[in-house]
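Q: Have a peek at model21.tsv (TSV, C-alpha atoms).
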chain	number	residue	atom	x	y	z
A	1	MET	CA	12.98	34.80	-18.49
A	2	GLU	CA	10.65	34.89	-21.47
A	3	GLU	CA	7.15	33.66	-20.78
A	4	THR	CA	6.35	30.35	-22.46
A	5	THR	CA	3.26	29.83	-24.60
A	6	THR	CA	1.73	27.58	-21.93
A	7	GLU	CA	2.37	30.12	-19.18
A	8	LYS	CA	0.85	32.90	-21.26
A	9	PHE	CA	-2.21	30.77	-21.99
A	10	GLU	CA	-2.70	30.03	-18.30
A	11	SER	CA	-2.23	33.68	-17.28
A	12	ASN	CA	-4.92	34.71	-19.77
A	13	ARG	CA	-7.38	32.03	-18.65
A	14	LEU	CA	-10.10	32.60	-16.04
A	15	LYS	CA	-12.25	29.84	-14.63
A	16	ILE	CA	-15.80	31.05	-14.07
A	17	ALA	CA	-18.49	29.22	-12.10
A	18	LEU	CA	-22.08	30.20	-12.97
A	19	MET	CA	-24.23	29.34	-9.95
A	20	LEU	CA	-27.80	28.11	-10.44
A	21	GLN	CA	-30.31	26.33	-8.21
A	22	SER	CA	-32.33	23.47	-9.66
A	23	TYR	CA	-35.25	24.26	-7.32
A	24	ASP	CA	-35.39	27.99	-8.14
A	25	PRO	CA	-38.08	28.75	-10.77
A	26	TRP	CA	-36.02	31.76	-11.92
A	27	ASN	CA	-33.01	29.50	-12.61
A	28	LYS	CA	-34.59	26.63	-14.52
A	29	GLY	CA	-36.58	26.03	-17.68
A	30	PHE	CA	-36.72	28.94	-20.10
A	31	ALA	CA	-35.40	31.36	-17.45
A	32	GLY	CA	-32.34	29.18	-16.92
A	33	PHE	CA	-31.83	28.97	-20.67
A	34	LEU	CA	-31.87	32.77	-20.92
A	35	ILE	CA	-29.41	33.18	-18.04
A	36	LYS	CA	-26.89	30.87	-19.68
A	37	ARG	CA	-27.39	32.51	-23.08
A	38	PHE	CA	-26.91	36.04	-21.72
A	39	TRP	CA	-23.71	35.10	-19.93
A	40	LYS	CA	-22.29	33.08	-22.80
A	41	SER	CA	-22.79	36.04	-25.15
A	42	CYS	CA	-21.38	38.55	-22.69
A	43	LEU	CA	-18.23	36.59	-21.87
A	44	LYS	CA	-17.64	35.69	-25.53
A	45	TRP	CA	-17.71	39.42	-26.29
A	46	GLY	CA	-15.22	39.95	-23.48
A	47	GLU	CA	-12.77	37.54	-25.03
A	48	THR	CA	-12.75	39.64	-28.21
A	49	GLN	CA	-12.11	42.88	-26.28
A	50	TYR	CA	-9.64	41.77	-23.63
A	51	ASP	CA	-6.67	39.44	-23.68
A	52	VAL	CA	-8.46	36.73	-21.70
A	53	ARG	CA	-10.22	33.41	-22.14
A	54	PHE	CA	-13.18	32.34	-20.02
A	55	ASP	CA	-13.79	28.73	-19.10
A	56	VAL	CA	-17.37	28.66	-17.81
A	57	THR	CA	-18.92	25.86	-15.76
A	58	VAL	CA	-22.50	25.78	-14.50
A	59	LEU	CA	-22.66	24.67	-10.87
A	60	PHE	CA	-25.89	23.63	-9.17
A	61	GLU	CA	-26.41	23.47	-5.42
A	62	ASP	CA	-25.35	19.83	-5.12
A	63	ASP	CA	-22.11	20.57	-7.01
A	64	ILE	CA	-21.28	23.32	-4.53
A	65	ILE	CA	-22.25	21.29	-1.47
A	66	SER	CA	-20.04	18.42	-2.65
A	67	GLY	CA	-16.99	20.71	-2.90
A	68	GLY	CA	-17.04	21.69	-6.57
A	69	LEU	CA	-15.89	25.25	-5.90
A	70	GLU	CA	-12.75	24.17	-4.09
A	71	SER	CA	-11.79	21.20	-6.24
A	72	GLU	CA	-11.91	23.09	-9.54
A	73	GLY	CA	-10.14	26.27	-8.38
A	74	PHE	CA	-12.58	28.78	-9.86
A	75	ASP	CA	-11.40	32.37	-10.12
A	76	VAL	CA	-14.86	33.92	-9.90
A	77	LEU	CA	-18.24	32.61	-8.76
A	78	ILE	CA	-21.15	34.40	-10.45
A	79	GLY	CA	-24.58	34.43	-8.86
A	80	PRO	CA	-26.65	35.68	-11.84
A	81	GLY	CA	-29.91	36.24	-9.98
A	82	GLY	CA	-32.97	34.46	-8.68
A	83	SER	CA	-34.21	33.76	-5.17
A	84	GLY	CA	-32.99	30.21	-4.62
A	85	THR	CA	-30.11	31.43	-2.47
A	86	TRP	CA	-32.60	33.03	-0.06
A	87	TYR	CA	-33.76	29.63	1.19
A	88	ALA	CA	-30.68	27.53	0.45
A	89	LYS	CA	-29.36	24.73	2.64
A	90	LYS	CA	-26.92	25.58	5.40
A	91	GLU	CA	-24.19	23.48	3.75
A	92	PHE	CA	-24.58	25.49	0.55
A	93	ARG	CA	-24.05	28.78	2.36
A	94	GLU	CA	-21.12	27.40	4.33
A	95	ARG	CA	-19.33	26.23	1.17
A	96	ILE	CA	-19.65	29.63	-0.53
A	97	HIS	CA	-18.63	31.43	2.65
A	98	ALA	CA	-15.49	29.28	2.92
A	99	TYR	CA	-14.73	29.74	-0.78
A	100	ILE	CA	-14.68	33.53	-0.44
A	101	LEU	CA	-12.87	33.50	2.91
A	102	ASN	CA	-10.06	31.41	1.39
A	103	GLY	CA	-9.54	33.58	-1.68
A	104	GLY	CA	-12.46	32.93	-3.99
A	105	ASN	CA	-14.20	35.90	-5.60
A	106	TYR	CA	-17.96	36.47	-5.80
A	107	LEU	CA	-20.12	38.51	-8.19
A	108	GLY	CA	-23.69	38.56	-6.90
A	109	ILE	CA	-26.35	40.12	-9.12
A	110	CYS	CA	-30.00	40.87	-8.37
A	111	GLY	CA	-31.30	38.29	-5.86
A	112	ASP	CA	-27.84	36.74	-5.60
A	113	GLY	CA	-26.54	40.22	-4.78
A	114	ALA	CA	-29.04	40.49	-1.93
A	115	PHE	CA	-27.84	37.03	-0.82
A	116	GLY	CA	-24.37	38.44	-0.10
A	117	THR	CA	-25.73	41.08	2.30
A	118	LEU	CA	-26.58	40.83	6.00
A	119	GLY	CA	-30.24	40.32	5.08
A	120	PHE	CA	-33.40	42.33	4.48
A	121	VAL	CA	-34.44	45.41	6.39
A	122	ASN	CA	-37.92	46.94	6.27
A	123	LEU	CA	-39.51	43.62	5.37
A	124	SER	CA	-43.15	43.98	6.35
A	125	PRO	CA	-45.63	41.06	6.48
A	126	ARG	CA	-47.18	42.45	3.27
A	127	LEU	CA	-43.87	42.47	1.40
A	128	GLU	CA	-42.97	39.02	2.65
A	129	LYS	CA	-46.25	37.67	1.31
A	130	VAL	CA	-46.52	39.62	-1.96
A	131	PHE	CA	-42.89	40.06	-2.99
A	132	VAL	CA	-40.86	37.33	-1.28
A	133	ASN	CA	-43.38	34.47	-1.47
A	134	LYS	CA	-45.40	35.24	-4.61
A	135	VAL	CA	-43.09	37.25	-6.89
A	136	ALA	CA	-39.63	36.02	-5.92
A	137	LYS	CA	-41.21	32.61	-5.18
A	138	ALA	CA	-39.14	32.05	-2.05
A	139	PRO	CA	-41.36	29.95	0.26
A	140	TYR	CA	-39.38	31.05	3.32
A	141	LEU	CA	-36.11	32.81	4.17
A	142	GLU	CA	-32.89	31.36	5.55
A	143	PRO	CA	-29.98	33.52	6.81
A	144	PHE	CA	-28.13	35.27	3.99
A	145	LEU	CA	-24.41	34.90	3.30
A	146	GLY	CA	-23.52	38.02	5.32
A	147	VAL	CA	-20.13	38.71	3.74
A	148	VAL	CA	-20.74	42.41	3.00
A	149	ASN	CA	-21.55	45.02	5.64
A	150	VAL	CA	-24.78	46.22	4.03
A	151	TYR	CA	-28.46	45.31	4.25
A	152	THR	CA	-30.92	44.98	1.39
A	153	ASP	CA	-33.47	47.75	1.95
A	154	LEU	CA	-37.03	46.92	0.91
A	155	SER	CA	-38.58	50.22	2.03
A	156	PRO	CA	-39.03	51.54	-1.57
A	157	MET	CA	-41.31	48.58	-2.31
A	158	GLU	CA	-43.47	49.38	0.69
A	159	ARG	CA	-44.58	52.58	-1.05
A	160	ILE	CA	-45.92	50.98	-4.24
A	161	SER	CA	-49.04	48.95	-5.03
A	162	ASP	CA	-49.26	45.17	-5.01
A	163	TRP	CA	-49.66	45.26	-8.80
A	164	LYS	CA	-46.38	47.17	-9.27
A	165	ILE	CA	-44.64	44.77	-6.91
A	166	ARG	CA	-45.98	41.79	-8.86
A	167	THR	CA	-44.70	43.20	-12.16
A	168	SER	CA	-41.39	44.64	-10.92
A	169	LEU	CA	-39.19	41.65	-11.76
A	170	PHE	CA	-40.62	41.38	-15.28
A	171	ARG	CA	-39.83	45.03	-15.93
A	172	ILE	CA	-36.09	44.42	-15.60
A	173	PHE	CA	-36.09	43.15	-19.18
A	174	PHE	CA	-37.79	46.22	-20.63
A	175	SER	CA	-37.00	49.24	-18.44
A	176	PRO	CA	-33.37	50.40	-18.30
A	177	VAL	CA	-32.63	52.63	-15.30
A	178	ASN	CA	-30.19	55.53	-14.98
A	179	PHE	CA	-27.16	54.68	-12.84
A	180	TYR	CA	-24.43	57.09	-11.73
A	181	PHE	CA	-20.86	55.81	-11.50
A	182	SER	CA	-18.93	57.00	-8.47
A	183	VAL	CA	-15.40	58.43	-8.55
A	184	ILE	CA	-14.59	56.17	-5.59
A	185	GLY	CA	-15.11	52.62	-6.72
A	186	THR	CA	-13.32	49.66	-8.22
A	187	SER	CA	-10.25	50.67	-10.21
A	188	THR	CA	-11.50	48.98	-13.36
A	189	LEU	CA	-14.64	51.16	-13.47
A	190	LYS	CA	-12.73	54.47	-13.41
A	191	ARG	CA	-13.42	54.81	-17.13
A	192	TYR	CA	-17.07	55.48	-16.28
A	193	ALA	CA	-16.54	57.76	-13.27
A	194	LYS	CA	-19.05	60.66	-13.09
A	195	GLN	CA	-21.08	59.21	-15.97
A	196	THR	CA	-24.77	58.33	-15.90
A	197	LEU	CA	-25.61	55.27	-17.97
A	198	LYS	CA	-28.79	53.37	-18.74
A	199	VAL	CA	-28.59	49.74	-17.62
A	200	ASN	CA	-31.27	47.16	-16.89
A	201	TRP	CA	-32.27	47.13	-13.23
A	202	ALA	CA	-31.51	44.20	-10.95
A	203	PHE	CA	-33.01	43.75	-7.52
A	204	MET	CA	-30.37	45.08	-5.09
A	205	MET	CA	-30.85	48.20	-2.98
A	206	ALA	CA	-28.14	48.47	-0.35
A	207	VAL	CA	-27.92	50.50	2.85
A	208	PRO	CA	-24.98	50.52	5.29
A	209	GLY	CA	-24.71	47.70	7.80
A	210	ASP	CA	-23.92	47.84	11.52
A	211	LYS	CA	-21.04	45.34	11.86
A	212	GLU	CA	-17.95	47.23	13.05
A	213	ASN	CA	-15.59	44.30	12.54
A	214	MET	CA	-16.29	43.85	8.81
A	215	PRO	CA	-14.17	45.29	5.95
A	216	PRO	CA	-15.15	48.73	4.59
A	217	ILE	CA	-17.18	48.94	1.41
A	218	ASN	CA	-16.82	50.95	-1.79
A	219	ILE	CA	-19.99	52.32	-3.37
A	220	ASP	CA	-19.23	51.92	-7.08
A	221	ILE	CA	-22.60	52.89	-8.54
A	222	VAL	CA	-25.74	54.62	-7.22
A	223	TYR	CA	-29.27	54.95	-8.52
A	224	ALA	CA	-29.74	58.16	-10.51
A	225	ASP	CA	-33.53	57.91	-10.74
A	226	ASP	CA	-36.39	56.16	-9.00
A	227	TRP	CA	-37.76	53.97	-11.80
A	228	ILE	CA	-41.16	52.57	-10.74
A	229	PHE	CA	-40.67	53.62	-7.12
A	230	PRO	CA	-41.95	56.90	-5.62
A	231	LYS	CA	-39.78	59.98	-5.94
A	232	GLY	CA	-36.86	59.94	-3.52
A	233	SER	CA	-37.07	56.19	-2.84
A	234	LEU	CA	-33.97	55.09	-4.73
A	235	ARG	CA	-32.06	58.15	-5.92
A	236	GLY	CA	-28.57	58.16	-4.41
A	237	LYS	CA	-28.85	54.70	-2.83
A	238	ALA	CA	-26.13	52.17	-3.47
A	239	ALA	CA	-26.69	50.02	-6.56
A	240	GLN	CA	-23.29	48.32	-6.61
A	241	ILE	CA	-20.95	47.57	-3.72
A	242	SER	CA	-17.39	46.24	-3.85
A	243	THR	CA	-15.34	45.00	-0.92
A	244	THR	CA	-13.19	42.18	0.37
A	245	TYR	CA	-13.86	39.36	2.79
A	246	GLY	CA	-11.05	37.23	4.11
A	247	LYS	CA	-8.80	36.65	1.09
A	248	GLY	CA	-11.59	37.10	-1.47
A	249	ARG	CA	-13.10	39.99	-3.37
A	250	ILE	CA	-16.82	40.66	-3.67
A	251	ILE	CA	-19.13	42.73	-5.87
A	252	LEU	CA	-22.86	42.90	-5.20
A	253	SER	CA	-24.68	44.54	-8.08
A	254	GLY	CA	-28.12	45.95	-8.84
A	255	LEU	CA	-27.34	46.08	-12.57
A	256	HIS	CA	-28.22	43.41	-15.12
A	257	ALA	CA	-25.52	44.73	-17.45
A	258	GLU	CA	-25.25	41.30	-19.10
A	259	PHE	CA	-28.66	41.84	-20.73
A	260	ARG	CA	-27.48	44.33	-23.37
A	261	LYS	CA	-24.39	44.38	-25.53
A	262	ARG	CA	-23.85	48.08	-24.95
A	263	ASN	CA	-23.34	47.34	-21.23
A	264	TYR	CA	-21.15	44.23	-21.50
A	265	ASP	CA	-18.02	46.22	-20.73
A	266	ILE	CA	-19.28	46.96	-17.21
A	267	VAL	CA	-19.58	43.23	-16.54
A	268	LEU	CA	-16.12	42.49	-17.86
A	269	ARG	CA	-14.50	45.21	-15.79
A	270	ASN	CA	-16.19	43.85	-12.67
A	271	ILE	CA	-14.97	40.32	-13.37
A	272	LEU	CA	-11.42	41.45	-14.08
A	273	TRP	CA	-11.30	43.39	-10.81
A	274	LEU	CA	-12.61	40.40	-8.90
A	275	ALA	CA	-9.99	38.12	-10.47
A	276	ASN	CA	-7.13	40.54	-9.71
A	277	ARG	CA	-6.56	41.15	-13.42
A	278	GLU	CA	-6.83	44.94	-13.40
A	279	GLU	CA	-3.98	45.21	-15.88
A	280	LYS	CA	-6.27	43.72	-18.55
A	281	VAL	CA	-8.31	46.92	-18.75
A	282	SER	CA	-5.39	49.14	-19.73
A	283	PRO	CA	-5.34	50.40	-22.38
A	284	SER	CA	-9.14	50.70	-22.32
A	285	PRO	CA	-10.99	49.15	-25.23
A	286	THR	CA	-13.64	51.14	-27.06
A	287	ALA	CA	-16.88	50.54	-25.19
A	288	TYR	CA	-20.24	50.53	-26.89
A	289	ASN	CA	-22.22	53.74	-26.95
A	290	ASN	CA	-24.68	53.86	-24.08
A	291	GLY	CA	-27.01	56.41	-25.49
How does this structure look as structure tokens?

A:
Amino acid sequence: MEETTTEKFESNRLKIALMLQSYDPWNKGFAGFLIKRFWKSCLKWGETQYDVRFDVTVLFEDDIISGGLESEGFDVLIGPGGSGTWYAKKEFRERIHAYILNGGNYLGICGDGAFGTLGFVNLSPRLEKVFVNKVAKAPYLEPFLGVVNVYTDLSPMERISDWKIRTSLFRIFFSPVNFYFSVIGTSTLKRYAKQTLKVNWAFMMAVPGDKENMPPINIDIVYADDWIFPKGSLRGKAAQISTTYGKGRIILSGLHAEFRKRNYDIVLRNILWLANREEKVSPSPTAYNNG
């Protein structure tokens, strides 16, 4: 039977929830304005390259706690970054956990990528004070979401000065990092396999977890250089992880690819994999030069 216009419209439509916290200084004010602007530009570009339409809704913590994820049937929940999820209410974590378990899909970037892990390892009292409390502005830490069998490794930060720690998050806007794309990763990123591309860094440095009963992970992208960290600190460590949890799909990413137009295609391919729309990336569009 021939597909109707309405059916085609619905099949090409993805409902995206952009998650922000009203109490997170990295999610409100001018920072919040920039987050929404970056994502609006990136997804608008995606609509011109792929046969898809994005309906984007900003959800704050109270929206999620009150059941907004479930009632609206979002295809993908995007955590764009910040540290608000590190000290979020229990009900907030439980809602997101249930959303993914029941078939929702999660893209966690930077601090919201760390949120999806089992938690921090190598968190010294110094790092908790300088990085967590003063730079990330998280007054304390609650349990993380724990839906991916990896930890966020803070050991590279232990080897740099307080000044470099204090300026590390600001450098993500100005210091693209070399990332190497694995041959074993999400199907939609195969176009980039064995390539090294410059992308803005996002805080997410993953090491394998120790939970035997959790789904296996794919390492999509690894760090190809060490950026501000001492030699050997980051090179080869996981920068993007993909996996499943319950009925949902998850990507945790250490790339702020939404910052630059030349990297938008990486974001779109991640979203389309999460939403089970892999067919949208074939044939591959012409991506922007990443030189």

Q: Can you pull out the residues contacting Ala138 in chain A? Cut-off 10 Å, using only C-alpha atoms, and skip same-chain residues under 4 positions away; I want them as a ChimeraX atom specification.

A: /A:24-25,82-88,128-129,131-134,142

Q: Can you tell me, as a PyMOL selection string, what residues are no more than 12 Å from Arg277 in chain A when counting only C-alpha atoms, ignoring any on the same chain fewer than 4 positions away?

A: chain A and resi 11-14+50-52+75-76+187-188+268-273+281-282

Q: Would you work out the distance separating CA of Arg95 in chain A from CA of Met204 in chain A, expressed in Å to one decimal?

A: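 Taking CA of Arg95 in chain A as the start and CA of Met204 in chain A as the end point, the length is 22.7 Å.
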
Q: Output as JSON lines one row per residue of range 21-137 of chain A within 10 Å of range 222-242 of chain A: the closest atom pair and its distance in Å to one decimal place, counting all atoms listed in the file, sorted by chain and residue number ascending.

A:
{"residue": "A:Tyr106", "atom": "CA", "partner": "A:Ser242", "partner_atom": "CA", "distance": 10.0}
{"residue": "A:Leu107", "atom": "CA", "partner": "A:Ser242", "partner_atom": "CA", "distance": 9.3}
{"residue": "A:Gly108", "atom": "CA", "partner": "A:Gln240", "partner_atom": "CA", "distance": 9.8}
{"residue": "A:Ile109", "atom": "CA", "partner": "A:Gln240", "partner_atom": "CA", "distance": 9.1}
{"residue": "A:Cys110", "atom": "CA", "partner": "A:Ala239", "partner_atom": "CA", "distance": 9.9}
{"residue": "A:Gly113", "atom": "CA", "partner": "A:Gln240", "partner_atom": "CA", "distance": 8.9}

Q: Could you check how far CA of Ile184 in chain A sits from CA of Ile251 in chain A, in Å to one decimal?

A: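 Distance between the two atoms: 14.2 Å.
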
Q: With distances taken over all atoms listed in the file, which of A:Ala31, A:Leu274, A:Leu141, A:Val147 is nearest to Phe74 in chain A?

A: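 Counting all atoms listed in the file, the residue closest to Phe74 in chain A is A:Leu274.
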
Q: Restricting the calculation to only C-alpha atoms, which member of A:Gly67, A:Gly73, A:Gly46, A:Gly209 is positioned closest to Ala17 in chain A?

A: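 Result for the nearest residue to Ala17 in chain A: A:Gly73.
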
Q: Restricting the calculation to all atoms listed in the file: of A:Trp201, A:Phe60, A:Tyr192, A:Phe144, which residue gets closest to Phe170 in chain A?

A: A:Trp201

Q: At a cut-off of 10 Å around the point (-20.6, 20.6, -1.0) (file coordinates), what residues fall inside when counting only C-alpha atoms? I'd like the answer as a list in words.

A: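 Residues lying no farther than 10 Å from the given point: Glu61, Asp62, Asp63, Ile64, Ile65, Ser66, Gly67, Gly68, Leu69, Glu70, Glu91, Phe92, Arg93, Glu94, Arg95 and Ile96 of chain A.
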
Q: With only C-alpha atoms as the atoms that count, which of A:Leu34, A:Val150, A:Ile250, A:Ala136 lies nearest to Thr167 in chain A?

A: A:Ala136

Q: If we count all atoms listed in the file and set the cut-off at 9 Å, which residues sit around Phe259 in chain A, ignoring sequence neighbours fewer than 2 positions away in its own chain? Please answer as a PyMOL selection string.

A: chain A and resi 38-39+42+173+199-200+256-257+261-264

Q: Between CA of Leu20 in chain A and CA of Ile78 in chain A, what is the distance in Å, rounded to a tenth?

A: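 Result for CA of Leu20 in chain A versus CA of Ile78 in chain A: 9.2 Å, one decimal.
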
Q: Smallest atom-to-atom distance to Ser253 in chain A: which of A:Gly103, A:Gly111, A:Gly32, A:Pro139, using all atoms listed in the file?

A: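 The shortest atom-to-atom distance to Ser253 in chain A comes from A:Gly111.
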
Q: Which one of A:Asn276, A:Glu158, A:Gly146, A:Ser124 sits closest to Asp112 in chain A if you count all atoms listed in the file?

A: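 Selected residue with least distance to Asp112 in chain A: A:Gly146.
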
Q: Can you pull out every residue within 8 Å of Val121 in chain A, counting only C-alpha atoms, but drop anything in the same chain fewer than 3 positions away, and send it as a list in words?

A: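 Those residues are Tyr151, Thr152, Asp153, Leu154 and Ser155 of chain A.
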